[in-house]
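*Asks:* Sharing start.txt (compact mmCIF, C-alpha atoms and all ligand atoms) below.
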# COMPACT_ATOMS: atom_id res chain seq x y z
CA MET A 1 74.68 10.85 -65.67
CA ASN A 2 78.38 10.96 -64.85
CA LEU A 3 79.36 7.55 -66.23
CA VAL A 4 82.97 6.40 -66.18
CA VAL A 5 84.11 3.12 -67.76
CA ARG A 6 87.51 1.98 -66.50
CA PHE A 7 89.61 -1.15 -65.88
CA GLU A 8 88.79 -3.12 -62.75
CA SER A 9 91.12 -3.03 -59.80
CA GLU A 10 91.41 -5.53 -56.95
CA ARG A 11 89.36 -3.37 -54.64
CA ASP A 12 86.41 -3.72 -57.07
CA TYR A 13 86.24 -7.53 -56.79
CA TYR A 14 83.58 -7.67 -54.06
CA GLN A 15 81.29 -5.20 -55.85
CA ILE A 16 81.76 -6.96 -59.22
CA LYS A 17 80.51 -10.20 -57.64
CA HIS A 18 77.58 -8.31 -56.11
CA ILE A 19 76.61 -6.73 -59.46
CA ASN A 20 76.62 -10.15 -61.15
CA ASP A 21 74.66 -11.77 -58.31
CA MET A 22 72.01 -9.05 -58.51
CA ALA A 23 71.77 -8.92 -62.31
CA PHE A 24 71.61 -12.69 -62.85
CA GLY A 25 69.72 -13.51 -59.65
CA GLN A 26 72.19 -16.30 -58.93
CA GLU A 27 75.82 -16.65 -57.91
CA ASN A 28 77.11 -18.72 -60.85
CA GLU A 29 78.44 -15.84 -62.96
CA GLY A 30 80.15 -14.13 -60.02
CA ILE A 31 81.79 -17.42 -59.08
CA LEU A 32 82.84 -17.92 -62.72
CA ILE A 33 84.62 -14.55 -62.67
CA GLU A 34 86.39 -15.44 -59.42
CA ASN A 35 87.48 -18.79 -60.88
CA LEU A 36 88.69 -17.17 -64.11
CA ARG A 37 90.89 -14.79 -62.09
CA LYS A 38 92.88 -17.85 -61.02
CA ASN A 39 93.40 -18.89 -64.67
CA GLN A 40 96.82 -17.81 -66.00
CA GLN A 41 95.11 -16.39 -69.10
CA TYR A 42 93.42 -13.77 -66.92
CA VAL A 43 96.32 -11.41 -67.63
CA ASN A 44 95.03 -11.28 -71.21
CA ALA A 45 91.41 -10.73 -70.20
CA ILE A 46 89.70 -7.36 -70.38
CA SER A 47 87.65 -6.59 -67.30
CA LEU A 48 85.92 -3.22 -67.21
CA VAL A 49 83.62 -1.60 -64.70
CA ALA A 50 81.04 1.15 -65.11
CA GLU A 51 81.01 3.71 -62.33
CA ILE A 52 78.56 6.50 -61.55
CA ASN A 53 79.61 8.97 -58.88
CA ASP A 54 82.08 6.46 -57.40
CA LYS A 55 79.47 3.67 -57.29
CA LEU A 56 80.10 0.57 -59.40
CA VAL A 57 76.97 -0.27 -61.38
CA GLY A 58 78.16 -2.49 -64.21
CA HIS A 59 80.85 -4.94 -65.25
CA ILE A 60 81.97 -6.70 -68.41
CA LEU A 61 84.56 -9.41 -68.96
CA PHE A 62 86.23 -10.48 -72.19
CA PHE A 63 88.22 -13.69 -71.76
CA PRO A 64 90.64 -15.27 -74.28
CA VAL A 65 89.25 -18.25 -76.20
CA GLN A 66 90.35 -20.17 -79.25
CA ILE A 67 88.50 -20.90 -82.46
CA ALA A 68 89.80 -24.30 -83.45
CA ASN A 69 89.48 -26.11 -86.75
CA ASN A 70 91.62 -29.22 -86.58
CA GLU A 71 95.17 -27.90 -86.34
CA LYS A 72 94.24 -24.35 -87.30
CA ILE A 73 93.77 -22.28 -84.16
CA HIS A 74 92.76 -18.63 -83.97
CA GLN A 75 92.80 -16.48 -80.87
CA SER A 76 89.66 -14.58 -80.01
CA LEU A 77 87.89 -13.14 -76.99
CA ALA A 78 84.60 -14.25 -75.46
CA LEU A 79 82.37 -11.55 -74.02
CA ALA A 80 81.15 -13.22 -70.82
CA PRO A 81 79.70 -12.40 -68.49
CA MET A 82 78.34 -8.86 -68.43
CA ALA A 83 75.99 -7.38 -65.88
CA VAL A 84 74.41 -4.08 -64.89
CA LEU A 85 72.71 -3.56 -61.52
CA PRO A 86 68.92 -3.91 -62.10
CA ALA A 87 68.18 -0.34 -61.00
CA TYR A 88 70.61 0.98 -63.61
CA GLN A 89 69.58 -1.15 -66.59
CA ASN A 90 68.13 0.25 -69.84
CA GLN A 91 70.10 3.48 -69.55
CA GLY A 92 72.80 2.59 -72.03
CA ILE A 93 75.41 1.47 -69.48
CA GLY A 94 75.68 -2.03 -70.92
CA GLY A 95 76.18 -0.52 -74.36
CA GLU A 96 78.98 1.70 -73.10
CA LEU A 97 80.70 -1.31 -71.53
CA ILE A 98 80.45 -3.30 -74.76
CA ARG A 99 81.75 -0.47 -76.93
CA ALA A 100 84.67 0.25 -74.58
CA GLY A 101 85.52 -3.45 -74.32
CA LEU A 102 85.50 -3.99 -78.07
CA GLU A 103 87.72 -0.93 -78.55
CA GLU A 104 90.17 -2.19 -75.95
CA ALA A 105 90.13 -5.66 -77.53
CA LYS A 106 90.99 -4.13 -80.90
CA ASP A 107 93.77 -2.04 -79.34
CA ASN A 108 95.15 -5.25 -77.83
CA GLY A 109 95.42 -6.79 -81.28
CA TYR A 110 92.38 -9.04 -81.23
CA LYS A 111 90.64 -9.37 -84.58
CA SER A 112 87.35 -10.79 -83.34
CA ALA A 113 85.14 -11.40 -80.36
CA ILE A 114 82.33 -13.84 -79.75
CA VAL A 115 79.34 -13.87 -77.45
CA LEU A 116 76.64 -16.27 -76.36
CA GLY A 117 73.72 -14.05 -75.49
CA HIS A 118 70.52 -12.21 -76.28
CA LYS A 119 69.90 -12.29 -80.03
CA ASP A 120 68.27 -8.84 -80.10
CA TYR A 121 70.85 -7.08 -77.96
CA TYR A 122 74.35 -7.80 -79.27
CA PRO A 123 73.61 -7.14 -82.98
CA LYS A 124 73.17 -3.46 -82.00
CA PHE A 125 76.94 -3.42 -81.49
CA GLY A 126 77.80 -5.23 -84.71
CA PHE A 127 77.63 -8.87 -83.64
CA LYS A 128 76.28 -11.29 -86.25
CA MET A 129 75.43 -14.96 -86.10
CA ALA A 130 78.68 -16.90 -85.77
CA LYS A 131 77.20 -19.42 -88.17
CA ASN A 132 77.95 -16.89 -90.96
CA TRP A 133 81.61 -17.78 -90.55
CA ASN A 134 80.99 -21.43 -89.71
CA ILE A 135 82.02 -20.74 -86.14
CA ARG A 136 80.28 -23.06 -83.71
CA ALA A 137 79.72 -23.22 -79.97
CA PRO A 138 81.08 -26.21 -78.06
CA TYR A 139 77.68 -26.53 -76.39
CA THR A 140 74.23 -27.06 -77.87
CA VAL A 141 72.83 -23.52 -78.10
CA PRO A 142 70.33 -21.83 -80.42
CA LEU A 143 72.27 -20.63 -83.48
CA GLU A 144 70.88 -17.09 -83.21
CA ASN A 145 72.32 -16.70 -79.71
CA PHE A 146 75.88 -17.50 -80.70
CA MET A 147 77.43 -14.45 -82.32
CA ALA A 148 80.73 -13.03 -83.48
CA ILE A 149 82.11 -9.65 -84.49
CA GLU A 150 85.06 -8.66 -86.63
CA LEU A 151 87.09 -5.98 -84.84
CA VAL A 152 89.09 -5.22 -87.97
CA GLU A 153 88.10 -5.56 -91.59
CA LYS A 154 88.07 -9.23 -92.60
CA GLY A 155 89.06 -10.16 -89.05
CA LEU A 156 87.37 -13.53 -89.45
CA ASN A 157 88.41 -14.24 -93.02
CA TYR A 158 89.37 -17.89 -93.30
CA VAL A 159 88.45 -18.41 -89.63
CA SER A 160 85.99 -21.17 -88.80
CA GLY A 161 85.68 -23.93 -86.26
CA THR A 162 84.56 -24.61 -82.73
CA VAL A 163 85.14 -22.16 -79.92
CA ARG A 164 87.18 -23.54 -77.05
CA TYR A 165 86.29 -21.95 -73.73
CA PRO A 166 88.44 -22.45 -70.65
CA ALA A 167 87.15 -25.27 -68.42
CA GLU A 168 85.86 -22.79 -65.82
CA PHE A 169 82.90 -22.06 -68.11
CA ASN A 170 81.70 -25.66 -67.91
CA ASP A 171 80.46 -25.12 -64.37
CA VAL A 172 78.14 -22.19 -65.14
CA GLY A 173 74.51 -23.24 -65.04
C1 LIG A 201 72.10 -7.41 -70.52
C2 LIG A 201 72.46 -6.19 -69.65
C3 LIG A 201 73.92 -6.27 -69.22
C4 LIG A 201 72.25 -4.93 -70.50
O1 LIG A 201 72.65 -3.81 -69.73
P1 LIG A 201 71.91 -2.40 -69.90
O2 LIG A 201 72.72 -1.37 -69.24
O3 LIG A 201 70.49 -2.56 -69.45
O4 LIG A 201 71.96 -2.26 -71.48
P2 LIG A 201 71.62 -1.02 -72.38
O5 LIG A 201 70.91 0.04 -71.56
O6 LIG A 201 72.81 -0.66 -73.14
O7 LIG A 201 70.61 -1.67 -73.41
C5 LIG A 201 69.34 -2.02 -72.97
C6 LIG A 201 68.71 -2.81 -74.09
O8 LIG A 201 68.95 -4.19 -73.87
C7 LIG A 201 67.75 -4.87 -74.05
N1 LIG A 201 67.74 -6.10 -73.26
C8 LIG A 201 68.00 -6.25 -71.95
N2 LIG A 201 67.82 -7.55 -71.61
C9 LIG A 201 67.49 -8.19 -72.74
C10 LIG A 201 67.15 -9.54 -73.05
N3 LIG A 201 67.11 -10.47 -72.10
N4 LIG A 201 66.89 -9.84 -74.34
C11 LIG A 201 66.89 -8.90 -75.31
N5 LIG A 201 67.17 -7.62 -75.07
C12 LIG A 201 67.46 -7.27 -73.80
C13 LIG A 201 66.69 -3.88 -73.59
O9 LIG A 201 65.45 -4.20 -74.12
C14 LIG A 201 67.23 -2.57 -74.18
O10 LIG A 201 66.88 -2.46 -75.55
P3 LIG A 201 66.72 -1.03 -76.26
O11 LIG A 201 68.10 -0.43 -76.30
O12 LIG A 201 66.23 -1.38 -77.64
O13 LIG A 201 65.77 -0.25 -75.45
C15 LIG A 201 71.55 -6.09 -68.41
O14 LIG A 201 70.20 -6.11 -68.83
C16 LIG A 201 71.77 -7.21 -67.41
O15 LIG A 201 72.62 -7.12 -66.52
N6 LIG A 201 70.96 -8.28 -67.54
C17 LIG A 201 71.06 -9.43 -66.63
C18 LIG A 201 72.32 -10.22 -66.86
C19 LIG A 201 72.47 -10.68 -68.31
O16 LIG A 201 71.52 -11.20 -68.90
N7 LIG A 201 73.68 -10.47 -68.85
C20 LIG A 201 73.97 -10.79 -70.23
C21 LIG A 201 74.35 -12.21 -70.37
S1 LIG A 201 74.48 -12.60 -72.08
Can the structure from this file be put into structure tokens for me?
Ligand SMILES: CC(C)(COP(=O)(O)OP(=O)(O)OC[C@H]1O[C@@H](n2cnc3c(N)ncnc32)[C@H](O)[C@@H]1OP(=O)(O)O)[C@@H](O)C(=O)NCCC(=O)NCCS
*Replies:*
Amino acid sequence: MNLVVRFESERDYYQIKHINDMAFGQENEGILIENLRKNQQYVNAISLVAEINDKLVGHILFFPVQIANNEKIHQSLALAPMAVLPAYQNQGIGGELIRAGLEEAKDNGYKSAIVLGHKDYYPKFGFKMAKNWNIRAPYTVPLENFMAIELVEKGLNYVSGTVRYPAEFNDVG
């Protein structure tokens, strides 16, 4: 399999929406991505695509969020959403997207990332329950689905609080 993971470009936008629509079976996540592109923080987001023989088959987005504890605010990145075309799932493409995204996040100076997702999937890449650091979701979610990862040693030392997502996330059902 000739898999390439690279940054998105504008000409990928249509296919990224399609991948999300197909993977999630609904349009909400694709619309979320389109809305986030209009957010001024999008310049600090990491948006990667997975390509096989010039066909886009997967996408991952990391968007800046804050972990806030009263006046103490830490910058982090939320992994959301990610999607692989159904016919290409379970071949390791999602894993490659996660690894590449976390590496890029680290290179960009981020010390942590968080994710709300499958409890058996993300721990394979080093995510642990965010509760371990007293990091909470702003929504009511099962504790085991809300996870964080340190991108550098002690990246979440003395970090705790509630994650603040941009308002665009409130509309995702
Ligand atoms: C989640 C997703 C991106 C993974 O992509 P992928 O290319 O299939 O991932 P990989 O091949 O690297 O890993 C597949 C593993 O994920 C696991 N997995 C997939 N969906 C899962 C789920 N809902 N819950 C738990 N594990 C899941 C598979 O069982 C497989 O496990 P294994 O490695 O032990 O065999 C893909 O399944 C997808 O697009 N799903 C629909 C959209 C979605 O749920 N996105 C994530 C939102 S948090």
*Asks:* Identify, counting only C-alpha atoms and all ligand atoms, the protein, DNA and RNA residues located within 8 Å of ligand LIG 201 (chain A), and give them as a list in words.
*Replies:* Asn20, Ala23, Phe24, Gly58, Ala80, Pro81, Met82, Ala83, Val84, Leu85, Pro86, Tyr88, Gln89, Asn90, Gln91, Gly92, Ile93, Gly94, Gly95, Glu96, Val115, Leu116, Gly117, His118, Lys119, Asp120 and Tyr121 of chain A
*Asks:* With only C-alpha atoms as the basis for distance, which of A:Gly25, A:Gly126, A:Gly30, A:Pro138 is at the shortest distance from A:Val65?
*Replies:* A:Pro138
*Asks:* With all atoms listed in the file as the atoms that count, which of A:Lys124, A:Lys72, A:Lys131, A:His59 lies nearest to A:Asp21?
*Replies:* A:His59
*Asks:* Show me, as JSON, the centre and edge lengths in Å to one decimal of the axis-aligned box that covers every listed atom of stretch 67-76 of chain A with 8 Å on each side.
*Replies:*
{"center_x": 91.8, "center_y": -21.9, "center_z": -83.7, "size_x": 22.7, "size_y": 30.6, "size_z": 23.3}
*Asks:* What gap, in Å, lies between atom CA of A:Asn108 and atom CA of A:His74?
*Replies:* 14.9 Å
*Asks:* Pick out the closest residue to A:Lys128 from this set: A:Ser9, A:Ser112, A:Thr140, A:Gln75. Count only C-alpha atoms.
*Replies:*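 The shortest atom-to-atom distance to A:Lys128 comes from A:Ser112.
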*Asks:* Using only C-alpha atoms, which of A:Asn44, A:Ser160, A:Asn70, A:Gln15 sits nearest A:Glu104?
*Replies:*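 Using only C-alpha atoms, the shortest distance to A:Glu104 belongs to A:Asn44.
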*Asks:* Go through A:Met1, A:Val49, A:Leu36, A:Glu10 and flag the residue nearest A:Ala167, using only C-alpha atoms for the distances.
*Replies:*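 Smallest distance to A:Ala167 is found for A:Leu36.
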*Asks:* Return the single residue from A:Phe125, A:Leu56, A:Ala137, A:Ala68 that is closest to A:Ile19, with distances computed using all atoms listed in the file.
*Replies:* A:Leu56
*Asks:* Show which residues sit within 10 Å of A:Ile149, as a list in words. Count all atoms listed in the file, and ignore same-chain residues fewer than 3 positions away.
*Replies:*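 Those residues are Leu102, Lys111, Ser112, Ala113, Ile114, Val115, Tyr122, Pro123, Phe125, Gly126, Phe127, Lys128, Met129, Ala130, Val152, Gly155 and Leu156 of chain A.
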*Asks:* Could you please determine the separation between atom CA of A:Ala100 and atom CA of A:Ile60 in Å, to one decimal place?
*Replies:*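 So the two atoms, atom CA of A:Ala100 and atom CA of A:Ile60, lie 9.7 Å apart.
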*Asks:* I want to know what sits within 8 Å of stretch 31-35 of chain A, based on all atoms listed in the file, with residues of the same chain fewer than 2 positions away left out; could you give that as a PyMOL selection string?
*Replies:* chain A and resi 17+27-29+37-39+81+168-169+171-172
*Asks:* Quick check, in Å to one decimal: how far apart do atom CA of A:Glu103 and atom CA of A:Val163 lie?
*Replies:*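 Straight-line distance from atom CA of A:Glu103 to atom CA of A:Val163 works out to 21.4 Å.
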